Amino acid sequence: MTSNEFVEAIAIDGPAASGKTTVGQMLADRLGYLLLDTGSMYRAVTWAVLRGGVSPADERAVTELAKTIQLDIEPPGNVGDGRLYTVLVDGHDVTWQIRSSEVDVNVSQVSAFKGVRHELVKRQRAIADRGSVVVVGRDIGTVVLPDAPLKLYIVASPEERARRRWAETMDRTGDASYDRILDDMIRRDQYDGHREHSPMRPADDSIIIDTTDRQPESVVSSILALDYFKKREAPGQ
């Protein structure tokens with residue numbers, strides 16, 4: 001991997017509901033870039049595992065499924081249901097199904113398997129290699145795109161993140177437990193931060209941004225004010 005291989009890719013990492021996907025989408029829109037939410041890919045595999053009756057603890061079966069399913073992420077189109085993108089598994093729209101509580105509970109285990117990560121990282125790098133892309137996930141700056149010229153790590157307090165996920169679920173289904181979501185959030189943070197393969201952590205050269213009590217527009221404005229973008233716009237760059 002050369003230092004210029006992903007020169008047009010921006011890496012954004014952070015825990016669940018930190019605002020990284022919303023910020024990533026807005027940043028991609030402002031730049032005219034593609035948004036690649038890698039977390040949705042792991043969720044899609046988890047959904048396929050559960051739907052297919054495969055045990056999320058069966059590493060070999062889960063890894064084989066990850067290798068064989070057709071998985072696509074497309075722009076949202078004109079659906080009008082608040083989605084940031086459309087997730088297709090074997091041609092079926094599963095954009096909201098992958099946000100179920102059952103997927104929430106199992107996605108950390110599925111995404112921790114080395115074979116699953118190896119397969120999806122290959123797919124993620126292939127997309128990033130096209131250039132002009134904002135890649136959002138939990139190991140983008142450390143594993144997927146370690147040479148990305150701009151790495152952001154988006155954080156927020158667990159309570160704020162649980163409130164956001166609760167509000168999102170209530171809007172969609174009308175039924176959600178804040179306390180359960182908060183407990184799941186804390187559990188997943190612990191699991192993802194200490195897993196053996198690609199643990200969630202900021203890269204050494206990441207810029208850490210706290211979105212607690214901040215609107216996404218404010219966060220994106222502060223990102224676009226970074227020296228990275230000033231240098232890109234400078235004459236002769």
# chains A, B, ... in the order shown; residues from 1 in each chain; ligands from 1
call {"tool": "residues_around", "arguments": {"residues": "stretch 108-114 of chain A", "least_positions_apart": "3", "cutoff": "12 Å", "atoms": "only C-alpha atoms", "output": "NGL selection string"}}
result
:A and (15-16 or 38-50 or 54-66 or 102-105 or 117-121 or 137-139 or 184-185 or 187-200)
call {"tool": "residues_around", "arguments": {"residues": "A:Leu224", "least_positions_apart": "6", "cutoff": "10 Å", "atoms": "only C-alpha atoms", "output": "ChimeraX atom specification"}}
result
/A:27,30-31,230
call {"tool": "write_last_selection", "arguments": {"atoms": "N, CA and C atoms", "output": "short mmCIF file (atom, residue, chain, number, x, y, z; two decimals), in the first residue's frame"}}
result
data_model
loop_
_atom_site.label_atom_id
_atom_site.label_comp_id
_atom_site.auth_asym_id
_atom_site.auth_seq_id
_atom_site.Cartn_x
_atom_site.Cartn_y
_atom_site.Cartn_z
N LEU A 27 -20.78 15.61 4.80
CA LEU A 27 -19.47 15.96 4.25
C LEU A 27 -19.35 15.46 2.82
N ARG A 30 -21.31 17.73 0.54
CA ARG A 30 -20.64 19.02 0.33
C ARG A 30 -19.48 18.88 -0.65
N LEU A 31 -18.81 17.74 -0.61
CA LEU A 31 -17.63 17.54 -1.45
C LEU A 31 -17.96 16.89 -2.79
N LYS A 230 -8.06 23.64 3.44
CA LYS A 230 -7.44 24.90 3.03
C LYS A 230 -6.27 24.63 2.08
#
call {"tool": "select_by_dssp", "arguments": {"residues": "stretch 19-131 of chain A", "states": "alpha helix (DSSP H)", "output": "PyMOL selection string"}}
result
chain A and resi 20-31+38-51+59-68+101-112+114-128
call {"tool": "residues_around", "arguments": {"residues": "stretch 151-154 of chain A", "least_positions_apart": "6", "cutoff": "12 Å", "atoms": "only C-alpha atoms", "output": "MDAnalysis selection string"}}
result
chainID A and resid 6:24 27 134:145 161 200:212 214 216 219:220 222:224 226 228
call {"tool": "atom_distance", "arguments": {"atom1": "atom CA of A:Tyr178", "atom2": "atom CA of A:Arg165"}}
result
8.4 Å
call {"tool": "select_by_dssp", "arguments": {"residues": "stretch 110-173 of chain A", "states": "strand (DSSP E)", "output": "PyMOL selection string"}}
result
chain A and resi 133-137+150-155
call {"tool": "closest_residue", "arguments": {"among": "A:Ile127, A:Ala162, A:Ser101, A:Lys67", "to": "A:Gly115", "atoms": "only C-alpha atoms"}}
result
A:Lys67
call {"tool": "residues_around", "arguments": {"residues": "A:Leu88", "least_positions_apart": "2", "cutoff": "12 Å", "atoms": "only C-alpha atoms", "output": "PyMOL selection string"}}
result
chain A and resi 40-41+43-45+47-48+69-76+85-86+90-98
